Amino acid sequence: MVVCKFGGSSVADSAQIRKVSRILTDDDSRTVAVVSAPGKRTDDDIKITDMLYTCQKEAAAGIDFSERYSRIRERYLTIAADLQLETEALALEIDEIEQRILHGSGPDYAASRGEYLSAKVIAQFMGWEFLDTEHLIILNSDGTVADRSYALLADALATKEQCILPGFYGTGPNGEVKTFSRGGSDITGAIAARSMGASLYENWTDVSGLRMADPRVIKDPEVVHELTYQEIRELASIGASVFHEEAIAPVRSAEIPICIKNTNDPDDIGTLIVPDRIDREQPVVGISGKTGYYRLYVKKHLLGKETDYILKLSTLLKVHGIIPEFSSIGFDSLSYYFKRDLLCCKQQLLERIKTEMNPEELEMEEQVAMIGVVGKGLYDAKGVLSTLSSSLSDAAIPIRYINYGGSLITCIIGVDDSSYVQALQVMYDAITS
Ligand code: ASP
C-alpha cells in the first residue's frame with residue numbers, strides 16, 4: 001500500500017481538493033492520506049496555519065481577533081460549500097475552536113486545528129474515514145517521536161480501509177496537543193508510511209520533484225529523478241530547502257522510498273528518494289550553498305600536533321555558542337568556519353583567544369559562502385572535481401576553502417560571499433553540461 005501526503009498548496013481550495021480526490025481514487029493502493037492545512041492560493045495569500053498562530057497570539061495579548069478568525073471560518077466554509085458538503089457541523093466545530101483560543105489555548109492547539117479541519121473536510125468529501133492523530137503520535141520532550149507511536153497508529157489504521165489523517169501534530173509529554181516544527185505534515189506522512197509498512201510514501205506538492213539547484217538563484221534548474229536518503233540529507237545540510245529533514249528518518253530505517261510528486265501535474269515522474277542507487281548515469285544530484293560564514297584563522301607553531309591546544313580552542317568557541325561547521329587543520333595553523341550572529345561578542349572572543357591561547361596570528365573574517373556539490377558518483381566519475389575547480393578559475397573566482405573528504409558524497413567549496421551567485425551558476429553549468 002501507498003501512503004500519500006498532500007501539502008498546503010494541494011488543499012488550498014476546492015479545485016485543488018478535487019485534484020487530490022482524483023489522485024487518491026486513481027490508484028487502489030493509495031489508502032491512507034495525510035493532509036496539511038490549506039496553504040496559499042496566490043503569492044499574496046496567507047496560510048491558514050499562519051492566521052491561526054496570529055489569532056492565538058492576539059487572543060493571548062487580549063486583542064480582538066474575531067475579524068481575522070472570521071476569514072479562517074470563511075475559508076473552510078467556502079471550501080466545504082464548493083465541494084457541496086453539509087456545513088452545519090463544521091461551522092459548529094470552527095466556533096468551538098474560536099472559543100478555545102479565546103479562553104487561553106496555546107499556539108500548538110491553535111495551529112493544529114488547521115490540519116484537523118482540513119482532514120475532516122477532505123474525509124467527508126472523499127467518503128473516507130477521518131482518523132485523528134492526536135493520541136496516536138506521541139512526542140517526547142525533545143520533540144522526537146516516541147517509538148510506541150508506530151504501533152499505536154498501525155493498530156488504529158488496521159481496522160480502516162481508507163483513511164484521511166491530519167498532519168503536523170500529536171500529543172506532547174504533558175498530554176496536550178503538540179505540533180511538529182513548520183512543514184511537519186511531512187513527518188506525519190513518514191510516520192504513517194512506516195507504521196503501515198507501506199511500499200511507497202508519496203509526497204504530493206506543487207512542484208514536479210526536486211531541482212538540482214535553488215530556482216531562485218539558478219534559472220529553471222533540472223529536476224533530479226532519483227537520489228538517496230543520504231544525498232538528500234547532505235543537500236539539506238548545505239542549505240537546500242527540500243523536504244522536512246526529520247521526515248526522512250522514519251522511512252529511511254524501514255527503507256520505504258519517498259516519491260515527490262506534483263498535484264497539478266500527476267503524470268510527471270517527480271523525484272524518487274531511495275536507500276541506494278546506481279550512480280553512473282547521474283554522478284551529481286544537486287548543488288546548494290549558504291552565505292555569511294565567519295572564518296576564524298589561528299596560527300601557532302606546531303598547533304596541528306597539540307591536541308590540547310585544539311581542544312582548548314574548541315571549548316572556548318563552544319562557550320560562545322560556536323560549533324564550527326567546517327575546518328581545515330595544518331601543521332602550524334587552522335581555520336574554522338561557522339555561521340553565527342557574533343555582533344555582540346566578536347571582540348570579546350578574539351581577546352580571550354589572544355590572552356588564553358597566545359596565537360602567533362589571529363584573524364576573523366566575515367562573509368565566506370560555502371557551496372556543496374552532492375552526489376554518490378562525485379569521486380568516481382572522471383573529471384567532476386577538476387571541472388568544478390576549473391569552472392571557478394575560468395570565471396576568476398578565487399576558491400577560499402575546499403573539502404573533498406568530510407563525506408564521500410559531498411564536495412564543499414568556499415568562495416567570497418560577493419561571488420556566491422556567480423559561483424553557484426558556473427558550478428551548476430559545469431555539472432550539468
Ligand atoms: N501547516 C503546517 C505549516 O504550515 C504544517 C505543514 O503544512 O506541513 O507549517
# chains A, B, ... in the order shown; residues from 1 in each chain; ligands from 1

$ residues_around --residues "Ser390 of chain A" --least-positions-apart "5" --cutoff "12 Å" --atoms "only C-alpha atoms" --output "list in words"
Gly383, Val384, Leu385, Ala395, Ala396, Ile397, Pro398, Ile399, Ala423, Val426, Met427, Asp429, Ala430 and Ile431 of chain A

$ write_last_selection --atoms "N, CA and C atoms" --output "PDB file, in the first residue's frame"
ATOM      1  N   GLY A 383      36.710  13.466 -13.648  1.00  0.00           N
ATOM      2  CA  GLY A 383      36.739  14.874 -14.041  1.00  0.00           C
ATOM      3  C   GLY A 383      35.751  15.810 -13.377  1.00  0.00           C
ATOM      4  N   VAL A 384      34.792  15.308 -12.534  1.00  0.00           N
ATOM      5  CA  VAL A 384      33.802  16.237 -11.985  1.00  0.00           C
ATOM      6  C   VAL A 384      34.485  17.301 -11.116  1.00  0.00           C
ATOM      7  N   LEU A 385      35.379  16.825 -10.256  1.00  0.00           N
ATOM      8  CA  LEU A 385      36.004  17.778  -9.336  1.00  0.00           C
ATOM      9  C   LEU A 385      36.905  18.777 -10.073  1.00  0.00           C
ATOM     10  N   ALA A 395      36.209  31.638 -14.355  1.00  0.00           N
ATOM     11  CA  ALA A 395      35.383  32.823 -14.061  1.00  0.00           C
ATOM     12  C   ALA A 395      36.103  33.781 -13.113  1.00  0.00           C
ATOM     13  N   ALA A 396      37.369  33.509 -12.849  1.00  0.00           N
ATOM     14  CA  ALA A 396      38.196  34.350 -11.966  1.00  0.00           C
ATOM     15  C   ALA A 396      37.591  34.468 -10.565  1.00  0.00           C
ATOM     16  N   ILE A 397      37.032  33.351 -10.087  1.00  0.00           N
ATOM     17  CA  ILE A 397      36.501  33.343  -8.715  1.00  0.00           C
ATOM     18  C   ILE A 397      37.483  32.569  -7.834  1.00  0.00           C
ATOM     19  N   PRO A 398      38.137  33.234  -6.889  1.00  0.00           N
ATOM     20  CA  PRO A 398      39.094  32.512  -6.053  1.00  0.00           C
ATOM     21  C   PRO A 398      38.407  31.518  -5.121  1.00  0.00           C
ATOM     22  N   ILE A 399      39.010  30.347  -4.978  1.00  0.00           N
ATOM     23  CA  ILE A 399      38.491  29.335  -4.046  1.00  0.00           C
ATOM     24  C   ILE A 399      39.100  29.626  -2.681  1.00  0.00           C
ATOM     25  N   ALA A 423      29.333  32.019  -8.604  1.00  0.00           N
ATOM     26  CA  ALA A 423      29.995  30.728  -8.391  1.00  0.00           C
ATOM     27  C   ALA A 423      28.991  29.583  -8.529  1.00  0.00           C
ATOM     28  N   VAL A 426      28.235  29.084 -12.263  1.00  0.00           N
ATOM     29  CA  VAL A 426      29.260  28.415 -13.097  1.00  0.00           C
ATOM     30  C   VAL A 426      29.437  26.963 -12.661  1.00  0.00           C
ATOM     31  N   MET A 427      29.308  26.703 -11.377  1.00  0.00           N
ATOM     32  CA  MET A 427      29.442  25.310 -10.927  1.00  0.00           C
ATOM     33  C   MET A 427      28.248  24.476 -11.409  1.00  0.00           C
ATOM     34  N   ASP A 429      26.502  25.053 -14.108  1.00  0.00           N
ATOM     35  CA  ASP A 429      26.717  24.840 -15.541  1.00  0.00           C
ATOM     36  C   ASP A 429      27.738  23.727 -15.762  1.00  0.00           C
ATOM     37  N   ALA A 430      28.770  23.718 -14.915  1.00  0.00           N
ATOM     38  CA  ALA A 430      29.831  22.722 -15.097  1.00  0.00           C
ATOM     39  C   ALA A 430      29.324  21.300 -14.846  1.00  0.00           C
ATOM     40  N   ILE A 431      28.443  21.144 -13.858  1.00  0.00           N
ATOM     41  CA  ILE A 431      28.000  19.765 -13.574  1.00  0.00           C
ATOM     42  C   ILE A 431      26.862  19.305 -14.473  1.00  0.00           C
TER      43      ILE A 431
END

$ residues_near_ligand --ligand "ligand 1" --cutoff "6 Å" --atoms "only C-alpha atoms and all ligand atoms" --output "short mmCIF file (atom, residue, chain, number, x, y, z; two decimals) with N, CA and C atoms, in the first residue's frame"
data_model
loop_
_atom_site.label_atom_id
_atom_site.label_comp_id
_atom_site.auth_asym_id
_atom_site.auth_seq_id
_atom_site.Cartn_x
_atom_site.Cartn_y
_atom_site.Cartn_z
N GLY A 7 0.45 18.51 0.60
CA GLY A 7 0.85 19.76 1.26
C GLY A 7 -0.20 20.85 1.13
N GLY A 8 0.09 21.99 1.74
CA GLY A 8 -0.86 23.10 1.84
C GLY A 8 -1.39 23.59 0.49
N SER A 36 -2.22 18.55 4.91
CA SER A 36 -1.83 19.80 5.58
C SER A 36 -3.05 20.70 5.71
N ALA A 37 -2.84 21.84 6.33
CA ALA A 37 -3.87 22.88 6.38
C ALA A 37 -3.83 23.63 5.04
N THR A 49 -2.39 28.19 8.65
CA THR A 49 -1.56 27.97 9.85
C THR A 49 -1.04 29.31 10.38
N PHE A 168 1.03 17.14 11.02
CA PHE A 168 1.60 18.24 11.81
C PHE A 168 1.52 18.11 13.34
N ARG A 182 7.55 23.69 11.70
CA ARG A 182 6.81 24.07 10.49
C ARG A 182 7.10 23.10 9.33
N GLY A 183 6.08 22.84 8.57
CA GLY A 183 6.23 21.89 7.46
C GLY A 183 6.14 20.45 7.94
N GLY A 184 5.72 20.27 9.20
CA GLY A 184 5.82 18.96 9.84
C GLY A 184 4.80 17.91 9.40
N SER A 185 3.89 18.25 8.49
CA SER A 185 2.98 17.20 7.99
C SER A 185 3.77 16.14 7.23
N ASP A 186 4.92 16.54 6.69
CA ASP A 186 5.81 15.56 6.04
C ASP A 186 6.20 14.45 7.03
#

$ residues_around --residues "Gly170 of chain A" --least-positions-apart "2" --cutoff "10 Å" --atoms "only C-alpha atoms" --output "list of chain:residue names"
A:Asp108, A:Ser112, A:Asp132, A:Thr133, A:Glu134, A:His135, A:Leu136, A:Ile137, A:Ile138, A:Leu139, A:Val145, A:Ser149, A:Pro166, A:Gly167, A:Phe168, A:Gly172, A:Gly175, A:Glu176, A:Val177, A:Lys178, A:Thr179, A:Phe180, A:Thr188

$ closest_atom_pairs --of "segment 213-273 of chain A" --to "segment 351-371 of chain A" --cutoff "12 Å" --atoms "only C-alpha atoms" --output "CSV"
residue,atom,partner,partner_atom,distance
A:Ala213,CA,A:Ile371,CA,10.9
A:Asp214,CA,A:Ile371,CA,11.9
A:Glu234,CA,A:Ile371,CA,11.6
A:Leu235,CA,A:Ile371,CA,10.0
A:Ala236,CA,A:Ile371,CA,11.9
A:Ser237,CA,A:Ile371,CA,10.9
A:Ile238,CA,A:Ile371,CA,7.2
A:Gly239,CA,A:Ile371,CA,8.8
A:Ala240,CA,A:Ile371,CA,10.5

$ residues_around --residues "Arg22 of chain A" --least-positions-apart "5" --cutoff "10 Å" --atoms "only C-alpha atoms" --output "PyMOL selection string"
chain A and resi 16-17+27+126+263+266

$ closest_atom_pairs --of "segment 117-167 of chain A" --to "segment 69-76 of chain A" --cutoff "12 Å" --atoms "only C-alpha atoms" --output "JSON lines"
{"residue": "A:Leu117", "atom": "CA", "partner": "A:Tyr76", "partner_atom": "CA", "distance": 7.8}
{"residue": "A:Ser118", "atom": "CA", "partner": "A:Tyr76", "partner_atom": "CA", "distance": 7.8}
{"residue": "A:Ala119", "atom": "CA", "partner": "A:Tyr76", "partner_atom": "CA", "distance": 11.1}
{"residue": "A:Lys120", "atom": "CA", "partner": "A:Tyr76", "partner_atom": "CA", "distance": 10.4}
{"residue": "A:Val121", "atom": "CA", "partner": "A:Tyr76", "partner_atom": "CA", "distance": 8.1}
{"residue": "A:Ile122", "atom": "CA", "partner": "A:Tyr76", "partner_atom": "CA", "distance": 10.7}

$ closest_atom_pairs --of "segment 291-351 of chain A" --to "segment 410-417 of chain A" --cutoff "12 Å" --atoms "only C-alpha atoms" --output "CSV"
residue,atom,partner,partner_atom,distance
A:Thr291,CA,A:Asp417,CA,5.7
A:Gly292,CA,A:Asp417,CA,6.7
A:Tyr293,CA,A:Asp417,CA,8.4
A:Tyr294,CA,A:Asp417,CA,10.5
A:Arg295,CA,A:Gly414,CA,10.4
A:Glu325,CA,A:Ile412,CA,11.1
A:Phe326,CA,A:Ile412,CA,9.0
A:Ser327,CA,A:Ile412,CA,11.0
A:Ser328,CA,A:Ile412,CA,11.9
A:Tyr337,CA,A:Gly414,CA,9.7
A:Phe338,CA,A:Gly414,CA,11.9

$ select_by_dssp --residues "segment 8-166 of chain A" --states "alpha helix (DSSP H)" --output "short mmCIF file (atom, residue, chain, number, x, y, z; two decimals) with C-alpha atoms, in the first residue's frame"
data_model
loop_
_atom_site.label_atom_id
_atom_site.label_comp_id
_atom_site.auth_asym_id
_atom_site.auth_seq_id
_atom_site.Cartn_x
_atom_site.Cartn_y
_atom_site.Cartn_z
CA SER A 14 -11.96 23.13 -3.52
CA ALA A 15 -10.42 22.85 -7.00
CA GLN A 16 -7.18 21.57 -5.50
CA ILE A 17 -9.04 19.14 -3.24
CA ARG A 18 -10.82 17.72 -6.29
CA LYS A 19 -7.38 17.02 -7.77
CA VAL A 20 -6.39 15.27 -4.53
CA SER A 21 -9.52 13.17 -4.74
CA ARG A 22 -8.75 12.16 -8.34
CA ILE A 23 -5.20 11.18 -7.41
CA LEU A 24 -6.40 9.07 -4.49
CA THR A 25 -9.12 7.28 -6.39
CA ASP A 26 -6.91 6.74 -9.41
CA ILE A 48 -4.31 29.10 7.44
CA THR A 49 -1.56 27.97 9.85
CA ASP A 50 -0.08 31.49 9.93
CA MET A 51 -3.50 33.00 10.56
CA LEU A 52 -4.17 30.56 13.41
CA TYR A 53 -0.84 31.41 15.05
CA THR A 54 -1.66 35.12 14.78
CA CYS A 55 -5.16 34.64 16.22
CA GLN A 56 -3.72 32.77 19.20
CA LYS A 57 -1.09 35.47 19.77
CA GLU A 58 -3.71 38.19 19.61
CA ALA A 59 -6.00 36.27 21.95
CA ALA A 60 -3.15 35.87 24.45
CA SER A 66 -12.65 37.86 15.68
CA GLU A 67 -12.27 39.58 12.30
CA ARG A 68 -9.16 37.56 11.46
CA TYR A 69 -10.79 34.37 12.69
CA SER A 70 -13.85 35.05 10.54
CA ARG A 71 -11.53 34.81 7.50
CA ILE A 72 -10.46 31.35 8.63
CA ARG A 73 -14.10 30.34 9.14
CA GLU A 74 -14.99 31.72 5.72
CA ARG A 75 -12.15 29.84 4.05
CA TYR A 76 -13.22 26.41 5.35
CA LEU A 77 -16.92 27.03 4.85
CA THR A 78 -16.33 28.15 1.26
CA ILE A 79 -14.25 25.04 0.56
CA ALA A 80 -16.93 22.81 2.06
CA ALA A 81 -19.78 24.58 0.24
CA ASP A 82 -17.89 24.43 -3.09
CA GLU A 88 -23.54 22.88 9.82
CA ALA A 89 -21.38 20.55 11.95
CA LEU A 90 -18.23 22.08 10.51
CA ALA A 91 -19.37 25.61 11.41
CA LEU A 92 -20.04 24.46 14.98
CA GLU A 93 -16.56 22.98 15.30
CA ILE A 94 -14.99 26.15 13.92
CA ASP A 95 -16.89 28.20 16.52
CA GLU A 96 -15.80 25.86 19.30
CA ILE A 97 -12.16 26.23 18.27
CA GLU A 98 -12.53 30.02 18.37
CA GLN A 99 -13.86 29.77 21.92
CA ARG A 100 -10.94 27.61 23.00
CA ILE A 101 -8.44 30.02 21.51
CA LEU A 102 -10.26 32.90 23.20
CA PRO A 107 -0.19 28.04 19.95
CA ASP A 108 0.15 24.28 19.38
CA TYR A 109 -3.54 23.72 19.83
CA ALA A 110 -4.46 26.68 17.62
CA ALA A 111 -2.08 25.76 14.79
CA SER A 112 -3.04 22.08 14.86
CA ARG A 113 -6.66 22.95 14.08
CA GLY A 114 -5.65 23.91 10.55
CA GLU A 115 -4.80 20.31 9.72
CA TYR A 116 -7.62 18.92 11.87
CA LEU A 117 -10.33 20.83 9.96
CA SER A 118 -8.66 20.20 6.62
CA ALA A 119 -8.64 16.43 7.22
CA LYS A 120 -12.26 16.49 8.36
CA VAL A 121 -13.44 18.29 5.24
CA ILE A 122 -11.43 16.11 2.87
CA ALA A 123 -12.52 12.88 4.59
CA GLN A 124 -16.14 13.96 4.28
CA PHE A 125 -15.69 14.80 0.60
CA MET A 126 -13.92 11.53 -0.20
CA ARG A 148 5.24 3.46 20.57
CA SER A 149 3.55 5.86 18.12
CA TYR A 150 4.20 3.43 15.26
CA ALA A 151 2.32 0.59 16.94
CA LEU A 152 -0.49 2.89 18.09
CA LEU A 153 -1.01 4.23 14.60
CA ALA A 154 -0.70 0.78 12.99
CA ASP A 155 -3.37 -0.61 15.34
CA ALA A 156 -5.73 2.28 14.66
CA LEU A 157 -5.25 2.01 10.90
CA ALA A 158 -5.55 -1.78 10.83
#
